[in-house]
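S.K.: Got upload-v9.cif for you, mmCIF, C-alpha atoms and all ligand atoms:
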data_structure
loop_
_atom_site.group_PDB
_atom_site.id
_atom_site.type_symbol
_atom_site.label_atom_id
_atom_site.label_comp_id
_atom_site.auth_asym_id
_atom_site.auth_seq_id
_atom_site.Cartn_x
_atom_site.Cartn_y
_atom_site.Cartn_z
ATOM 1 C CA MET A 1 -49.700 -64.448 -18.828
ATOM 2 C CA THR A 2 -52.996 -63.270 -17.300
ATOM 3 C CA ALA A 3 -55.829 -61.237 -18.792
ATOM 4 C CA SER A 4 -54.687 -58.221 -16.773
ATOM 5 C CA ASP A 5 -51.106 -58.533 -18.074
ATOM 6 C CA PRO A 6 -50.569 -55.562 -20.473
ATOM 7 C CA SER A 7 -48.326 -57.680 -22.709
ATOM 8 C CA ALA A 8 -51.269 -60.065 -23.244
ATOM 9 C CA LEU A 9 -53.443 -57.178 -24.414
ATOM 10 C CA ARG A 10 -50.705 -56.105 -26.801
ATOM 11 C CA ASN A 11 -51.146 -59.335 -28.756
ATOM 12 C CA ASN A 12 -54.788 -58.570 -29.495
ATOM 13 C CA MET A 13 -54.267 -56.549 -32.676
ATOM 14 C CA GLN A 14 -56.913 -57.332 -35.242
ATOM 15 C CA GLN A 15 -56.202 -57.396 -38.982
ATOM 16 C CA PHE A 16 -58.787 -56.335 -41.543
ATOM 17 C CA ASN A 17 -58.490 -56.653 -45.306
ATOM 18 C CA THR A 18 -61.781 -55.202 -46.513
ATOM 19 C CA PHE A 19 -63.490 -51.857 -46.002
ATOM 20 C CA ALA A 20 -66.676 -53.675 -44.916
ATOM 21 C CA GLU A 21 -64.929 -55.562 -42.077
ATOM 22 C CA MET A 22 -62.995 -52.478 -41.017
ATOM 23 C CA GLN A 23 -66.129 -50.337 -40.930
ATOM 24 C CA LEU A 24 -68.026 -52.942 -38.916
ATOM 25 C CA GLN A 25 -65.305 -52.915 -36.234
ATOM 26 C CA VAL A 26 -65.237 -49.106 -36.187
ATOM 27 C CA ARG A 27 -69.020 -48.994 -35.786
ATOM 28 C CA ASN A 28 -68.749 -51.308 -32.775
ATOM 29 C CA TRP A 29 -66.004 -49.211 -31.216
ATOM 30 C CA LYS A 30 -67.957 -46.001 -31.797
ATOM 31 C CA ARG A 31 -71.093 -47.507 -30.345
ATOM 32 C CA SER A 32 -69.185 -48.020 -27.080
ATOM 33 C CA GLY A 33 -68.111 -44.371 -27.152
ATOM 34 C CA ALA A 34 -64.485 -44.893 -28.255
ATOM 35 C CA THR A 35 -62.611 -42.288 -30.289
ATOM 36 C CA ILE A 36 -60.671 -43.559 -33.305
ATOM 37 C CA GLY A 37 -57.293 -42.580 -34.741
ATOM 38 C CA VAL A 38 -55.686 -43.699 -37.992
ATOM 39 C CA VAL A 39 -52.068 -43.711 -39.113
ATOM 40 C CA PRO A 40 -51.829 -44.331 -42.872
ATOM 41 C CA THR A 41 -48.559 -45.930 -44.054
ATOM 42 C CA MET A 42 -47.124 -47.810 -46.997
ATOM 43 C CA GLY A 43 -45.487 -50.354 -44.661
ATOM 44 C CA ALA A 44 -41.746 -51.103 -44.397
ATOM 45 C CA LEU A 45 -42.213 -49.601 -40.969
ATOM 46 C CA HIS A 46 -39.445 -47.842 -39.057
ATOM 47 C CA ALA A 47 -39.243 -45.888 -35.803
ATOM 48 C CA GLY A 48 -40.648 -42.773 -37.534
ATOM 49 C CA HIS A 49 -43.893 -44.586 -38.352
ATOM 50 C CA LEU A 50 -44.052 -46.035 -34.849
ATOM 51 C CA SER A 51 -43.710 -42.560 -33.333
ATOM 52 C CA LEU A 52 -46.926 -41.594 -35.162
ATOM 53 C CA ILE A 53 -48.751 -44.574 -33.638
ATOM 54 C CA GLU A 54 -47.570 -43.568 -30.160
ATOM 55 C CA ILE A 55 -48.727 -39.981 -30.704
ATOM 56 C CA ALA A 56 -52.150 -41.232 -31.834
ATOM 57 C CA GLN A 57 -52.396 -43.551 -28.803
ATOM 58 C CA LYS A 58 -52.067 -40.540 -26.511
ATOM 59 C CA GLN A 59 -54.975 -38.767 -28.240
ATOM 60 C CA VAL A 60 -57.627 -41.404 -28.943
ATOM 61 C CA ASP A 61 -59.019 -44.672 -27.526
ATOM 62 C CA ARG A 62 -58.412 -46.937 -30.549
ATOM 63 C CA VAL A 63 -55.614 -46.679 -33.111
ATOM 64 C CA ILE A 64 -55.728 -48.215 -36.570
ATOM 65 C CA ALA A 65 -52.582 -48.444 -38.706
ATOM 66 C CA THR A 66 -53.100 -48.869 -42.425
ATOM 67 C CA ILE A 67 -50.576 -50.538 -44.720
ATOM 68 C CA PHE A 68 -51.133 -50.018 -48.434
ATOM 69 C CA VAL A 69 -48.572 -49.314 -51.145
ATOM 70 C CA ASN A 70 -50.781 -47.043 -53.199
ATOM 71 C CA PRO A 71 -50.199 -47.588 -56.927
ATOM 72 C CA THR A 72 -51.980 -44.388 -58.029
ATOM 73 C CA GLN A 73 -49.334 -42.159 -56.427
ATOM 74 C CA PHE A 74 -46.460 -43.737 -58.377
ATOM 75 C CA ALA A 75 -45.660 -42.722 -61.965
ATOM 76 C CA PRO A 76 -44.759 -45.599 -64.334
ATOM 77 C CA GLN A 77 -40.989 -44.900 -64.102
ATOM 78 C CA GLU A 78 -41.026 -44.740 -60.276
ATOM 79 C CA ASP A 79 -40.231 -47.458 -57.715
ATOM 80 C CA LEU A 80 -43.665 -49.072 -57.145
ATOM 81 C CA GLY A 81 -42.353 -52.542 -58.120
ATOM 82 C CA GLN A 82 -39.247 -52.222 -55.951
ATOM 83 C CA TYR A 83 -40.947 -50.505 -52.983
ATOM 84 C CA PRO A 84 -39.956 -52.511 -49.850
ATOM 85 C CA ARG A 85 -42.669 -54.835 -48.557
ATOM 86 C CA THR A 86 -42.054 -56.294 -45.087
ATOM 87 C CA LEU A 87 -45.570 -57.164 -43.887
ATOM 88 C CA ALA A 88 -44.686 -59.870 -41.315
ATOM 89 C CA ASP A 89 -42.164 -57.588 -39.629
ATOM 90 C CA ASP A 90 -44.555 -54.610 -39.815
ATOM 91 C CA LEU A 91 -47.315 -56.585 -38.080
ATOM 92 C CA LYS A 92 -44.897 -57.664 -35.352
ATOM 93 C CA GLN A 93 -43.846 -54.066 -34.683
ATOM 94 C CA LEU A 94 -47.447 -52.828 -34.616
ATOM 95 C CA ARG A 95 -48.486 -55.634 -32.283
ATOM 96 C CA THR A 96 -45.598 -54.888 -29.898
ATOM 97 C CA LEU A 97 -46.718 -51.286 -29.725
ATOM 98 C CA GLY A 98 -50.285 -52.265 -28.803
ATOM 99 C CA THR A 99 -51.899 -51.028 -32.029
ATOM 100 C CA ASP A 100 -55.589 -51.976 -31.899
ATOM 101 C CA ALA A 101 -56.091 -52.832 -35.565
ATOM 102 C CA VAL A 102 -54.264 -52.912 -38.853
ATOM 103 C CA PHE A 103 -56.022 -52.404 -42.168
ATOM 104 C CA VAL A 104 -54.224 -54.120 -45.049
ATOM 105 C CA PRO A 105 -56.408 -53.941 -48.164
ATOM 106 C CA ALA A 106 -55.377 -55.509 -51.489
ATOM 107 C CA ASN A 107 -55.142 -53.331 -54.620
ATOM 108 C CA GLU A 108 -58.493 -54.638 -55.915
ATOM 109 C CA GLU A 109 -60.189 -53.752 -52.625
ATOM 110 C CA VAL A 110 -59.072 -50.114 -52.889
ATOM 111 C CA TYR A 111 -59.350 -49.863 -56.680
ATOM 112 C CA PRO A 112 -61.964 -52.343 -57.934
ATOM 113 C CA PRO A 113 -62.301 -52.624 -61.736
ATOM 114 C CA ASP A 114 -65.137 -50.059 -61.895
ATOM 115 C CA PHE A 115 -63.272 -47.460 -59.791
ATOM 116 C CA SER A 116 -63.163 -44.041 -61.509
ATOM 117 C CA THR A 117 -63.389 -41.222 -58.922
ATOM 118 C CA PHE A 118 -60.246 -39.214 -58.037
ATOM 119 C CA VAL A 119 -59.603 -36.165 -55.867
ATOM 120 C CA ASP A 120 -58.316 -33.143 -57.794
ATOM 121 C CA PRO A 121 -55.666 -32.071 -55.249
ATOM 122 C CA PRO A 122 -55.486 -28.554 -53.773
ATOM 123 C CA ARG A 123 -53.300 -25.640 -54.872
ATOM 124 C CA VAL A 124 -50.502 -26.469 -52.388
ATOM 125 C CA SER A 125 -49.875 -29.631 -54.427
ATOM 126 C CA LEU A 126 -48.728 -27.816 -57.561
ATOM 127 C CA GLU A 127 -45.107 -26.924 -56.894
ATOM 128 C CA TRP A 128 -42.077 -28.835 -55.540
ATOM 129 C CA GLU A 129 -42.971 -32.560 -55.294
ATOM 130 C CA GLY A 130 -46.076 -31.931 -57.367
ATOM 131 C CA ALA A 131 -44.061 -30.367 -60.199
ATOM 132 C CA ILE A 132 -41.600 -33.274 -60.300
ATOM 133 C CA ARG A 133 -44.207 -36.002 -59.666
ATOM 134 C CA PRO A 134 -47.318 -34.670 -61.470
ATOM 135 C CA ILE A 135 -49.780 -37.481 -60.592
ATOM 136 C CA HIS A 136 -48.418 -38.093 -57.101
ATOM 137 C CA PHE A 137 -50.718 -35.923 -54.982
ATOM 138 C CA ARG A 138 -53.817 -36.906 -56.944
ATOM 139 C CA GLY A 139 -53.107 -40.489 -55.882
ATOM 140 C CA VAL A 140 -52.224 -39.488 -52.302
ATOM 141 C CA ALA A 141 -55.329 -37.332 -51.808
ATOM 142 C CA THR A 142 -57.596 -40.007 -53.270
ATOM 143 C CA VAL A 143 -56.273 -42.865 -51.153
ATOM 144 C CA VAL A 144 -56.147 -40.777 -47.961
ATOM 145 C CA LEU A 145 -59.764 -39.706 -48.420
ATOM 146 C CA LYS A 146 -60.723 -43.359 -48.939
ATOM 147 C CA LEU A 147 -58.831 -44.361 -45.769
ATOM 148 C CA LEU A 148 -60.386 -41.552 -43.713
ATOM 149 C CA ASN A 149 -63.826 -42.584 -44.922
ATOM 150 C CA GLY A 150 -63.087 -46.285 -44.538
ATOM 151 C CA THR A 151 -61.954 -45.921 -40.929
ATOM 152 C CA GLN A 152 -64.304 -43.071 -39.922
ATOM 153 C CA ALA A 153 -61.374 -41.818 -37.823
ATOM 154 C CA ASP A 154 -61.731 -38.785 -35.563
ATOM 155 C CA LEU A 155 -57.993 -38.134 -35.867
ATOM 156 C CA ALA A 156 -55.379 -38.951 -38.523
ATOM 157 C CA VAL A 157 -51.666 -38.574 -37.829
ATOM 158 C CA PHE A 158 -49.200 -37.748 -40.628
ATOM 159 C CA GLY A 159 -45.474 -36.999 -40.486
ATOM 160 C CA GLN A 160 -43.888 -33.615 -41.084
ATOM 161 C CA LYS A 161 -41.276 -35.678 -42.978
ATOM 162 C CA ASP A 162 -43.617 -35.372 -45.975
ATOM 163 C CA PHE A 163 -44.291 -31.684 -45.433
ATOM 164 C CA GLN A 164 -46.103 -30.996 -48.684
ATOM 165 C CA GLN A 165 -48.187 -34.169 -48.340
ATOM 166 C CA ALA A 166 -49.366 -32.999 -44.908
ATOM 167 C CA ALA A 167 -50.234 -29.574 -46.400
ATOM 168 C CA VAL A 168 -52.200 -31.252 -49.206
ATOM 169 C CA ILE A 169 -54.165 -33.394 -46.761
ATOM 170 C CA LYS A 170 -54.910 -30.482 -44.428
ATOM 171 C CA ALA A 171 -56.168 -28.404 -47.370
ATOM 172 C CA MET A 172 -58.252 -31.282 -48.764
ATOM 173 C CA VAL A 173 -59.923 -31.965 -45.410
ATOM 174 C CA ARG A 174 -60.627 -28.235 -44.966
ATOM 175 C CA ASP A 175 -61.907 -27.703 -48.521
ATOM 176 C CA LEU A 176 -64.137 -30.803 -48.501
ATOM 177 C CA ASN A 177 -65.405 -30.247 -44.917
ATOM 178 C CA HIS A 178 -64.163 -33.639 -43.798
ATOM 179 C CA PRO A 179 -64.626 -33.925 -40.010
ATOM 180 C CA CYS A 180 -61.367 -35.810 -39.348
ATOM 181 C CA GLU A 181 -58.756 -33.836 -37.388
ATOM 182 C CA ILE A 182 -55.277 -33.876 -38.949
ATOM 183 C CA LEU A 183 -52.250 -33.940 -36.661
ATOM 184 C CA VAL A 184 -48.747 -33.460 -38.070
ATOM 185 C CA ALA A 185 -45.994 -35.177 -36.061
ATOM 186 C CA PRO A 186 -42.303 -34.220 -35.874
ATOM 187 C CA ILE A 187 -39.639 -35.797 -38.090
ATOM 188 C CA PHE A 188 -37.981 -38.806 -36.495
ATOM 189 C CA ARG A 189 -34.262 -38.889 -37.371
ATOM 190 C CA GLU A 190 -31.448 -41.431 -37.236
ATOM 191 C CA PRO A 191 -28.532 -40.593 -34.888
ATOM 192 C CA SER A 192 -26.711 -39.100 -37.913
ATOM 193 C CA GLY A 193 -29.613 -36.697 -38.420
ATOM 194 C CA LEU A 194 -30.821 -38.470 -41.581
ATOM 195 C CA ALA A 195 -34.630 -38.449 -41.575
ATOM 196 C CA MET A 196 -35.925 -42.007 -41.273
ATOM 197 C CA SER A 197 -37.496 -43.253 -44.472
ATOM 198 C CA SER A 198 -38.497 -46.625 -45.906
ATOM 199 C CA ARG A 199 -36.293 -45.691 -48.874
ATOM 200 C CA ASN A 200 -33.160 -45.393 -46.675
ATOM 201 C CA ARG A 201 -32.786 -49.155 -46.971
ATOM 202 C CA TYR A 202 -31.869 -48.671 -50.660
ATOM 203 C CA LEU A 203 -28.729 -46.731 -49.592
ATOM 204 C CA SER A 204 -25.268 -48.348 -49.555
ATOM 205 C CA SER A 205 -23.162 -47.507 -46.483
ATOM 206 C CA VAL A 206 -21.196 -44.899 -48.492
ATOM 207 C CA GLU A 207 -24.450 -43.343 -49.719
ATOM 208 C CA ARG A 208 -25.890 -43.359 -46.202
ATOM 209 C CA THR A 209 -22.903 -41.336 -44.984
ATOM 210 C CA ARG A 210 -23.329 -38.951 -47.911
ATOM 211 C CA ALA A 211 -27.046 -38.584 -47.129
ATOM 212 C CA GLY A 212 -26.051 -37.188 -43.713
ATOM 213 C CA ALA A 213 -25.154 -33.961 -45.556
ATOM 214 C CA ILE A 214 -28.880 -33.178 -45.898
ATOM 215 C CA TYR A 215 -29.191 -32.637 -42.164
ATOM 216 C CA GLN A 216 -25.895 -30.723 -42.081
ATOM 217 C CA ALA A 217 -27.341 -28.345 -44.686
ATOM 218 C CA ILE A 218 -30.503 -27.972 -42.577
ATOM 219 C CA LEU A 219 -28.446 -27.256 -39.437
ATOM 220 C CA ALA A 220 -26.440 -24.631 -41.345
ATOM 221 C CA ALA A 221 -29.702 -23.048 -42.505
ATOM 222 C CA ARG A 222 -31.039 -22.965 -38.934
ATOM 223 C CA ALA A 223 -27.865 -21.290 -37.661
ATOM 224 C CA LYS A 224 -27.800 -18.663 -40.433
ATOM 225 C CA PHE A 225 -31.528 -17.970 -40.076
ATOM 226 C CA SER A 226 -31.210 -17.441 -36.315
ATOM 227 C CA GLU A 227 -28.543 -14.765 -36.873
ATOM 228 C CA HIS A 228 -30.904 -12.545 -38.873
ATOM 229 C CA PRO A 229 -33.977 -10.581 -37.827
ATOM 230 C CA SER A 230 -37.079 -11.545 -39.839
ATOM 231 C CA GLY A 231 -37.081 -10.104 -43.359
ATOM 232 C CA THR A 232 -33.340 -9.421 -43.613
ATOM 233 C CA LEU A 233 -32.081 -12.699 -45.089
ATOM 234 C CA SER A 234 -32.605 -13.496 -48.770
ATOM 235 C CA ALA A 235 -33.749 -16.935 -49.916
ATOM 236 C CA ASP A 236 -30.947 -16.942 -52.509
ATOM 237 C CA GLU A 237 -28.305 -16.452 -49.837
ATOM 238 C CA LEU A 238 -29.612 -19.330 -47.712
ATOM 239 C CA GLU A 239 -30.104 -21.603 -50.714
ATOM 240 C CA THR A 240 -26.490 -20.997 -51.788
ATOM 241 C CA LEU A 241 -25.258 -21.855 -48.298
ATOM 242 C CA MET A 242 -27.266 -25.089 -48.260
ATOM 243 C CA ARG A 243 -26.042 -26.079 -51.731
ATOM 244 C CA GLU A 244 -22.460 -25.624 -50.511
ATOM 245 C CA HIS A 245 -23.086 -27.943 -47.563
ATOM 246 C CA LEU A 246 -24.719 -30.570 -49.760
ATOM 247 C CA ARG A 247 -21.887 -30.393 -52.294
ATOM 248 C CA ALA A 248 -19.241 -30.605 -49.536
ATOM 249 C CA GLY A 249 -20.935 -33.800 -48.324
ATOM 250 C CA GLY A 250 -20.946 -35.300 -51.831
ATOM 251 C CA ILE A 251 -24.549 -34.527 -52.867
ATOM 252 C CA THR A 252 -24.644 -32.836 -56.267
ATOM 253 C CA ASP A 253 -27.957 -34.104 -57.650
ATOM 254 C CA ILE A 254 -30.399 -31.606 -56.106
ATOM 255 C CA ASP A 255 -34.036 -31.561 -57.293
ATOM 256 C CA TYR A 256 -34.822 -28.454 -55.263
ATOM 257 C CA ILE A 257 -34.107 -26.428 -52.154
ATOM 258 C CA ALA A 258 -37.276 -24.422 -51.507
ATOM 259 C CA LEU A 259 -37.600 -21.623 -48.958
ATOM 260 C CA VAL A 260 -41.326 -21.154 -48.617
ATOM 261 C CA ASP A 261 -44.207 -19.824 -46.594
ATOM 262 C CA PRO A 262 -45.170 -22.824 -44.346
ATOM 263 C CA ASP A 263 -48.896 -22.490 -45.135
ATOM 264 C CA SER A 264 -49.073 -21.578 -48.820
ATOM 265 C CA LEU A 265 -45.783 -23.277 -49.796
ATOM 266 C CA GLN A 266 -45.135 -20.254 -52.031
ATOM 267 C CA ARG A 267 -41.495 -19.360 -52.604
ATOM 268 C CA LEU A 268 -40.196 -16.454 -50.497
ATOM 269 C CA ASP A 269 -37.618 -13.929 -51.747
ATOM 270 C CA CYS A 270 -36.962 -12.495 -48.310
ATOM 271 C CA LEU A 271 -37.325 -14.994 -45.452
ATOM 272 C CA THR A 272 -40.111 -14.485 -42.924
ATOM 273 C CA ASN A 273 -40.521 -15.944 -39.435
ATOM 274 C CA PRO A 274 -41.284 -18.845 -39.707
ATOM 275 C CA THR A 275 -39.962 -20.117 -43.056
ATOM 276 C CA ALA A 276 -40.177 -23.728 -44.211
ATOM 277 C CA VAL A 277 -37.194 -25.188 -46.020
ATOM 278 C CA LEU A 278 -37.941 -28.161 -48.277
ATOM 279 C CA VAL A 279 -35.136 -30.266 -49.727
ATOM 280 C CA ALA A 280 -35.229 -33.010 -52.370
ATOM 281 C CA VAL A 281 -32.039 -34.686 -53.575
ATOM 282 C CA ARG A 282 -30.839 -37.886 -55.159
ATOM 283 C CA VAL A 283 -28.136 -39.961 -53.513
ATOM 284 C CA GLY A 284 -27.118 -42.608 -56.040
ATOM 285 C CA SER A 285 -30.440 -43.769 -57.457
ATOM 286 C CA THR A 286 -32.382 -43.053 -54.238
ATOM 287 C CA ARG A 287 -34.508 -39.936 -53.998
ATOM 288 C CA LEU A 288 -34.636 -38.430 -50.493
ATOM 289 C CA ILE A 289 -36.724 -35.564 -49.126
ATOM 290 C CA ASP A 290 -36.364 -33.638 -45.885
ATOM 291 C CA ASN A 291 -37.519 -30.328 -44.436
ATOM 292 C CA ASP A 292 -37.413 -28.045 -41.447
ATOM 293 C CA ILE A 293 -39.295 -25.082 -40.051
ATOM 294 C CA LEU A 294 -36.886 -22.217 -39.493
ATOM 295 C CA SER A 295 -38.091 -19.948 -36.733
ATOM 296 C CA LEU A 296 -36.631 -17.294 -34.446
HETATM 297 P P1 LIG B 301 -44.993 -43.690 -45.743
HETATM 298 O O1 LIG B 301 -45.086 -45.114 -45.302
HETATM 299 O O2 LIG B 301 -43.644 -43.309 -46.249
HETATM 300 O O3 LIG B 301 -46.126 -43.314 -46.665
HETATM 301 O O4 LIG B 301 -45.197 -42.821 -44.437
HETATM 302 C C1 LIG B 301 -46.348 -42.972 -43.638
HETATM 303 C C2 LIG B 301 -46.414 -41.829 -42.677
HETATM 304 O O5 LIG B 301 -45.244 -41.816 -41.859
HETATM 305 C C3 LIG B 301 -46.458 -40.449 -43.379
HETATM 306 O O6 LIG B 301 -47.365 -39.606 -42.695
HETATM 307 C C4 LIG B 301 -45.040 -39.976 -43.255
HETATM 308 O O7 LIG B 301 -44.907 -38.575 -43.279
HETATM 309 C C5 LIG B 301 -44.671 -40.544 -41.897
HETATM 310 N N1 LIG B 301 -43.217 -40.631 -41.754
HETATM 311 C C6 LIG B 301 -42.350 -41.183 -42.641
HETATM 312 N N2 LIG B 301 -41.076 -41.022 -42.200
HETATM 313 C C7 LIG B 301 -41.161 -40.358 -41.021
HETATM 314 C C8 LIG B 301 -40.197 -39.884 -40.079
HETATM 315 N N3 LIG B 301 -38.896 -40.061 -40.267
HETATM 316 N N4 LIG B 301 -40.637 -39.240 -38.982
HETATM 317 C C9 LIG B 301 -41.975 -39.042 -38.776
HETATM 318 N N5 LIG B 301 -42.931 -39.465 -39.626
HETATM 319 C C10 LIG B 301 -42.535 -40.108 -40.733
#
Using the file provided, produce a representation of the structure as C-alpha cells.
Ligand code: AMP
M.R.:
Amino acid sequence: MTASDPSALRNNMQQFNTFAEMQLQVRNWKRSGATIGVVPTMGALHAGHLSLIEIAQKQVDRVIATIFVNPTQFAPQEDLGQYPRTLADDLKQLRTLGTDAVFVPANEEVYPPDFSTFVDPPRVSLEWEGAIRPIHFRGVATVVLKLLNGTQADLAVFGQKDFQQAAVIKAMVRDLNHPCEILVAPIFREPSGLAMSSRNRYLSSVERTRAGAIYQAILAARAKFSEHPSGTLSADELETLMREHLRAGGITDIDYIALVDPDSLQRLDCLTNPTAVLVAVRVGSTRLIDNDILSL
C-alpha cells in the first residue's frame, strides 16, 4: 500500500470523543479552506445511513459522522436500553467509505451534570410522532443543535425516512438563524421495499415479511393519487385504501396514516399536489415509520 493508494487514505478516519477535540480538528480543517459536512446518527449503521455519508461526500471536503444514542429523545417506556449498539462494526463501515472523522461522545460529554438548556421544538413537531412521543422532538432538536454547533458544519444531511424530524430540524435552523445548510436525502429501501431502519433487526422473519405491507400500501397510494387531478381525491378515501393494504398484509396495529401538506405537516381533507403521506405502525413489538411524497 502506498501513500497515493486510495484504500490507504480510507483507513485514516479519526475518532473524537469530546467537543473540544472535535472543534479543534474542525478549526484546522476550516483554516485550510475545507468545507465540512455532518451526518448525525444513533449508530447501528445500515446502507441507508451510508447513503447519507456518500451524499455529503459529494457536497463538501470533509465529512464527519456522529454516533450518539440520545437519551433525551426516548421516553422512559421506550427502547433506549435495548437500542442496538454496534460501534466496532459501525466504525469499520465508516472507515471503508472514507469518512474523515467520527464523533462518538459519551452521555456525560453531551449532558454534563449541570446541563439544563433545551430547545423548545417548532410547530411542525406537535402532531404525528410528536403527539405519540411528546418529549421526542425536544430531545432531537436539542442534540442536533449541539452537534451542529460542535462540528461547525456547513452542511448537515438527514434522511427523508424520518420526515417529521427533517421538518423539525429545517424549521429550527430557519427560526434560530443557524447558518448550517440542511439537506434531506431519499429513503433507502430493502429489496422488499421496507425502509431500512436500525429497528428492523428486532423483526422476526415472519414480521419482516409482514412489514413489507407498508411499502405495498405506499405503492397503492401512489397509483391512486396519480389517477386523480389535484384536489379531487379525499384524504379519507386514500387512508381507507392504505388501511386495507396494511390489513391484507397482516398489519392491524396502526398508529397513524397522515395525508399532509409537506411543509406544514397539517392534515389535508382534499389532497393537493404534492401531498406527503406519513405512516406509523407496530409489527409485533417493533414500531416502524415510513413516508412518501405523492406528486403528479
Ligand atoms: P438514526 O440513526 O435512526 O437516528 O438515523 C440517522 C439518520 O439516518 C437520520 O437522518 C435518518 O433519517 C437517516 N436514515 C435512517 N434510515 C434511513 C433510510 N432507510 N434511508 C435514508 N436515510 C435514513
S.K.: Run the PyMOL selection byres (((not hetatm)) within 7 of (chain B and resi 301)) on the file and write out the hits as a count of residues only.
M.R.: 26
S.K.: So what does the PyMOL selection byres (((chain A and resi 63-74) around 9) and not hetatm) actually pick up in this one, as a ChimeraX atom specification?
M.R.: /A:35-44,53,56-57,60-62,75-80,83,85,87,90,94,98-107,110,133,135-143,147,151,153
S.K.: Neighbouring residues of range 229-241 of chain A were defined as those with any atom within 6 Å, considering all atoms listed in the file; residues of the same chain fewer than 6 positions away were excluded. Please report them as a ChimeraX atom specification.
M.R.: /A:269-273
S.K.: State, in Å with one decimal place, the distance from CA of Leu183 in chain A to CA of Trp29 in chain A.
M.R.: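 About the pair CA of Leu183 in chain A and CA of Trp29 in chain A: they are 21.3 Å apart.
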S.K.: Which residue, A:Val283, A:Ile293, A:Ala166, A:Val26, has the smallest gap to Asp261 in chain A when you use all atoms listed in the file?
M.R.: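 Checking each candidate against Asp261 in chain A, we get A:Ile293 as the closest.
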S.K.: Nearest residue to Gly284 in chain A out of A:Ala213, A:Leu246, A:Leu268, A:Tyr202, using all atoms listed in the file?
M.R.: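 The answer is A:Tyr202, which sits nearest to Gly284 in chain A.
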S.K.: What gap, in Å, lies between CA of Leu155 in chain A and CA of Pro191 in chain A?
M.R.: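 So the two atoms, CA of Leu155 in chain A and CA of Pro191 in chain A, lie 29.6 Å apart.
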S.K.: Carefully work through the PyMOL selection byres (((chain A and resi 287) around 10) and not hetatm) for this structure and note down the residues it includes, as a VMD selection string.
M.R.: chain A and resid 199 to 200 202 to 203 253 to 255 280 to 286 288 to 289
S.K.: Would you work out the distance separating CA of Lys224 in chain A from CA of Glu207 in chain A, expressed in Å to one decimal?
M.R.: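 Going from CA of Lys224 in chain A over to CA of Glu207 in chain A covers 26.6 Å.
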S.K.: Around the point (-59.4, -36.5, -44.7), in the coordinates given by the file, pick out the residues reaching within 7 Å, counting only C-alpha atoms, and return them as a PyMOL selection string.
M.R.: chain A and resi 144-145+148+169+172-173+178+180
S.K.: Looking at all atoms listed in the file, which of A:His46, A:Thr18, A:Phe118, A:Arg267 is the one that sits closest to Thr86 in chain A?
M.R.: A:His46
S.K.: So which one's closest to Pro84 in chain A, A:Val124, A:Ala248, A:Arg201, A:Asn12? Using all atoms listed in the file, please.
M.R.: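 Of the candidates, the smallest distance to Pro84 in chain A is held by A:Arg201.
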S.K.: Report as a list in words all protein, DNA and RNA residues lying within 10 Å of Arg222 in chain A, evaluated on all atoms listed in the file, omitting residues in the same chain fewer than 5 positions from it.
M.R.: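 With the cut-off at 10 Å, the set is Gln216, Ala217, Glu227, Leu238, Val277, Asp292, Ile293, Leu294, Ser295 and Leu296 of chain A.
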S.K.: Using only C-alpha atoms, pick whichever of A:Gln82, A:Phe115, A:Val168, A:Ile55 has the shortest atom-to-atom distance to Ala156 in chain A.
M.R.: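 With only C-alpha atoms as the atom set, the closest residue is A:Ile55.
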S.K.: Point out the residue among A:Arg95, A:Lys170, A:Lys146, A:Arg210 with the least atom-to-atom distance to Arg123 in chain A, counting all atoms listed in the file.
M.R.: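 With all atoms listed in the file as the atom set, the closest residue is A:Lys170.
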